[in-house]
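Student: This one is data30.txt, compact mmCIF, N, CA and C atoms.
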```txt
# COMPACT_ATOMS: atom_id res chain seq x y z
N MET Z 3 83.74 82.73 91.55
CA MET Z 3 82.85 83.35 92.51
C MET Z 3 81.59 82.51 92.68
N ALA Z 4 81.02 82.05 91.58
CA ALA Z 4 79.80 81.25 91.64
C ALA Z 4 80.09 79.90 92.31
N GLU Z 5 81.29 79.40 92.06
CA GLU Z 5 81.67 78.12 92.66
C GLU Z 5 81.76 78.23 94.19
N GLU Z 6 82.26 79.36 94.68
CA GLU Z 6 82.36 79.58 96.12
C GLU Z 6 80.98 79.66 96.76
N ALA Z 7 80.04 80.32 96.08
CA ALA Z 7 78.67 80.42 96.59
C ALA Z 7 78.02 79.04 96.62
N LYS Z 8 78.31 78.22 95.62
CA LYS Z 8 77.77 76.86 95.57
C LYS Z 8 78.31 76.03 96.73
N LYS Z 9 79.61 76.17 97.04
CA LYS Z 9 80.21 75.44 98.15
C LYS Z 9 79.55 75.83 99.47
N LYS Z 10 79.31 77.12 99.67
CA LYS Z 10 78.66 77.58 100.90
C LYS Z 10 77.25 77.03 100.99
N LYS Z 11 76.53 77.00 99.85
CA LYS Z 11 75.17 76.47 99.83
C LYS Z 11 75.19 74.98 100.16
N ASP Z 12 76.12 74.23 99.55
CA ASP Z 12 76.24 72.80 99.82
C ASP Z 12 76.55 72.55 101.30
N ARG Z 13 77.40 73.38 101.87
CA ARG Z 13 77.76 73.25 103.27
C ARG Z 13 76.53 73.46 104.16
N GLY Z 14 75.73 74.47 103.82
CA GLY Z 14 74.51 74.74 104.58
C GLY Z 14 73.52 73.58 104.50
N VAL Z 15 73.38 73.02 103.30
CA VAL Z 15 72.49 71.87 103.13
C VAL Z 15 72.99 70.69 103.95
N TRP Z 16 74.29 70.47 103.93
CA TRP Z 16 74.88 69.36 104.68
C TRP Z 16 74.59 69.50 106.17
N PHE Z 17 74.78 70.70 106.73
CA PHE Z 17 74.53 70.92 108.15
C PHE Z 17 73.05 70.74 108.49
N ARG Z 18 72.15 71.21 107.63
CA ARG Z 18 70.71 71.04 107.88
C ARG Z 18 70.34 69.56 107.86
N GLU Z 19 70.88 68.81 106.90
CA GLU Z 19 70.60 67.37 106.83
C GLU Z 19 71.17 66.64 108.04
N MET Z 20 72.38 67.03 108.46
CA MET Z 20 72.98 66.40 109.63
C MET Z 20 72.14 66.66 110.87
N LYS Z 21 71.65 67.87 111.02
CA LYS Z 21 70.83 68.23 112.18
C LYS Z 21 69.54 67.40 112.19
N SER Z 22 68.92 67.24 111.03
CA SER Z 22 67.68 66.46 110.98
C SER Z 22 67.95 64.98 111.25
N GLU Z 23 69.08 64.45 110.80
CA GLU Z 23 69.42 63.05 111.08
C GLU Z 23 69.73 62.84 112.56
N LEU Z 24 70.40 63.80 113.20
CA LEU Z 24 70.71 63.66 114.62
C LEU Z 24 69.45 63.68 115.48
N LYS Z 25 68.40 64.31 115.00
CA LYS Z 25 67.14 64.31 115.74
C LYS Z 25 66.49 62.93 115.73
N LYS Z 26 66.83 62.10 114.74
CA LYS Z 26 66.27 60.75 114.63
C LYS Z 26 67.00 59.73 115.50
N VAL Z 27 68.16 60.07 116.02
CA VAL Z 27 68.96 59.13 116.79
C VAL Z 27 68.29 58.86 118.13
N VAL Z 28 68.24 57.58 118.49
CA VAL Z 28 67.72 57.19 119.81
C VAL Z 28 68.94 56.86 120.66
N TRP Z 29 69.24 57.74 121.60
CA TRP Z 29 70.42 57.56 122.43
C TRP Z 29 70.13 56.55 123.54
N PRO Z 30 71.11 55.71 123.89
CA PRO Z 30 70.89 54.70 124.93
C PRO Z 30 70.77 55.34 126.32
N ALA Z 31 70.14 54.61 127.22
CA ALA Z 31 69.98 55.08 128.58
C ALA Z 31 71.33 54.98 129.31
N LYS Z 32 71.46 55.73 130.38
CA LYS Z 32 72.71 55.76 131.14
C LYS Z 32 73.07 54.37 131.65
N GLN Z 33 72.07 53.62 132.11
CA GLN Z 33 72.32 52.27 132.63
C GLN Z 33 72.86 51.35 131.54
N THR Z 34 72.35 51.48 130.33
CA THR Z 34 72.82 50.66 129.21
C THR Z 34 74.27 51.00 128.87
N VAL Z 35 74.59 52.28 128.87
CA VAL Z 35 75.96 52.71 128.58
C VAL Z 35 76.92 52.16 129.63
N LEU Z 36 76.54 52.25 130.90
CA LEU Z 36 77.40 51.74 131.98
C LEU Z 36 77.59 50.23 131.87
N LYS Z 37 76.52 49.51 131.57
CA LYS Z 37 76.60 48.05 131.43
C LYS Z 37 77.52 47.67 130.27
N ASN Z 38 77.34 48.34 129.13
CA ASN Z 38 78.18 48.05 127.96
C ASN Z 38 79.64 48.41 128.21
N THR Z 39 79.88 49.51 128.91
CA THR Z 39 81.25 49.91 129.23
C THR Z 39 81.90 48.88 130.13
N GLY Z 40 81.17 48.41 131.12
CA GLY Z 40 81.70 47.38 132.01
C GLY Z 40 82.03 46.10 131.27
N THR Z 41 81.16 45.72 130.34
CA THR Z 41 81.40 44.52 129.54
C THR Z 41 82.66 44.66 128.70
N VAL Z 42 82.83 45.81 128.08
CA VAL Z 42 84.02 46.05 127.25
C VAL Z 42 85.28 46.01 128.11
N LEU Z 43 85.25 46.65 129.28
CA LEU Z 43 86.42 46.65 130.16
C LEU Z 43 86.76 45.25 130.64
N LEU Z 44 85.74 44.47 131.03
CA LEU Z 44 85.98 43.11 131.50
C LEU Z 44 86.56 42.25 130.39
N CYS Z 45 86.00 42.33 129.20
CA CYS Z 45 86.53 41.55 128.07
C CYS Z 45 87.96 41.96 127.73
N SER Z 46 88.25 43.25 127.80
CA SER Z 46 89.60 43.73 127.52
C SER Z 46 90.59 43.19 128.54
N LEU Z 47 90.19 43.18 129.81
CA LEU Z 47 91.06 42.64 130.85
C LEU Z 47 91.29 41.15 130.67
N LEU Z 48 90.23 40.40 130.35
CA LEU Z 48 90.37 38.96 130.15
C LEU Z 48 91.27 38.64 128.95
N ILE Z 49 91.07 39.33 127.86
CA ILE Z 49 91.91 39.10 126.68
C ILE Z 49 93.35 39.51 126.97
N GLY Z 50 93.53 40.62 127.69
CA GLY Z 50 94.89 41.04 128.07
C GLY Z 50 95.57 40.00 128.94
N ALA Z 51 94.82 39.42 129.89
CA ALA Z 51 95.39 38.39 130.75
C ALA Z 51 95.78 37.16 129.94
N CYS Z 52 94.94 36.77 128.98
CA CYS Z 52 95.27 35.62 128.13
C CYS Z 52 96.53 35.87 127.32
N ILE Z 53 96.65 37.05 126.77
CA ILE Z 53 97.86 37.40 126.00
C ILE Z 53 99.08 37.41 126.91
N TRP Z 54 98.93 37.94 128.12
CA TRP Z 54 100.04 38.00 129.07
C TRP Z 54 100.51 36.58 129.44
N ILE Z 55 99.57 35.68 129.70
CA ILE Z 55 99.92 34.30 130.03
C ILE Z 55 100.59 33.62 128.85
N PHE Z 56 100.02 33.77 127.65
CA PHE Z 56 100.62 33.18 126.46
C PHE Z 56 102.03 33.71 126.23
N ASP Z 57 102.21 35.02 126.42
CA ASP Z 57 103.53 35.62 126.25
C ASP Z 57 104.53 35.03 127.22
N GLY Z 58 104.12 34.84 128.48
CA GLY Z 58 105.02 34.24 129.47
C GLY Z 58 105.39 32.82 129.12
N VAL Z 59 104.42 32.04 128.66
CA VAL Z 59 104.69 30.64 128.28
C VAL Z 59 105.60 30.61 127.05
N ALA Z 60 105.32 31.46 126.07
CA ALA Z 60 106.16 31.49 124.86
C ALA Z 60 107.59 31.93 125.20
N TYR Z 61 107.72 32.92 126.09
CA TYR Z 61 109.05 33.37 126.50
C TYR Z 61 109.82 32.25 127.18
N SER Z 62 109.14 31.53 128.06
CA SER Z 62 109.79 30.41 128.76
C SER Z 62 110.20 29.32 127.78
N ALA Z 63 109.35 29.04 126.81
CA ALA Z 63 109.67 28.02 125.81
C ALA Z 63 110.89 28.43 124.98
N VAL Z 64 110.94 29.68 124.58
CA VAL Z 64 112.08 30.16 123.80
C VAL Z 64 113.36 30.11 124.64
N GLN Z 65 113.27 30.51 125.90
CA GLN Z 65 114.43 30.46 126.76
C GLN Z 65 114.91 29.03 126.97
N MET Z 66 113.98 28.09 127.10
CA MET Z 66 114.34 26.69 127.27
C MET Z 66 115.01 26.16 126.00
N LEU Z 67 114.45 26.50 124.83
CA LEU Z 67 115.06 26.05 123.57
C LEU Z 67 116.44 26.66 123.37
N LEU Z 68 116.62 27.90 123.74
CA LEU Z 68 117.94 28.53 123.63
C LEU Z 68 118.92 27.88 124.59
N GLY Z 69 118.43 27.47 125.74
CA GLY Z 69 119.28 26.81 126.71
C GLY Z 69 119.73 25.43 126.24
N VAL Z 70 118.83 24.73 125.56
CA VAL Z 70 119.14 23.38 125.06
C VAL Z 70 120.03 23.45 123.84
N PHE Z 71 119.67 24.29 122.89
CA PHE Z 71 120.40 24.32 121.61
C PHE Z 71 121.44 25.44 121.56
N GLY Z 72 121.39 26.35 122.48
CA GLY Z 72 122.30 27.50 122.44
C GLY Z 72 123.65 27.20 123.06
N ALA Z 73 124.15 28.14 123.76
CA ALA Z 73 125.48 28.05 124.34
C ALA Z 73 125.60 27.04 125.36
```
Write out the structure in this file as structure tokens.
Tutor:
Amino acid sequence: MAEEAKKKKDRGVWFREMKSELKKVVWPAKQTVLKNTGTVLLCSLLIGACIWIFDGVAYSAVQMLLGVFGA
């Protein structure tokens, strides 16, 4: 019984501490969020394109090697 009361007390302390820490957070401006999101999307697209090109070249190389050494 005492252990359950201690858990509830610990939980209450945790929530109070979390609330006070969240008050200290400086959230970014909307323009900053949009700029960072655009940067992440652009980088993801560029890296995806590089992987796609490399995959096509590697596939062609494997097909050529199978054609030469295969059947």
Student: Could you please determine the separation between atom N of Z:Ala63 and atom CA of Z:Cys45 in Å, to one decimal place?
Tutor: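 For atom N of Z:Ala63 relative to atom CA of Z:Cys45, the distance reads 26.1 Å.
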Student: Could you state the separation of atom CA of Z:Trp29 and atom CA of Z:Leu44 in Å, given to one decimal place?
Tutor: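 Answer for the atom CA of Z:Trp29 to atom CA of Z:Leu44 separation: 23.1 Å.
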Student: Hey, can you check how far atom C of Z:Phe71 sits from atom N of Z:Asp57?
Tutor: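 Between atom C of Z:Phe71 and atom N of Z:Asp57 the gap works out to 22.0 Å.
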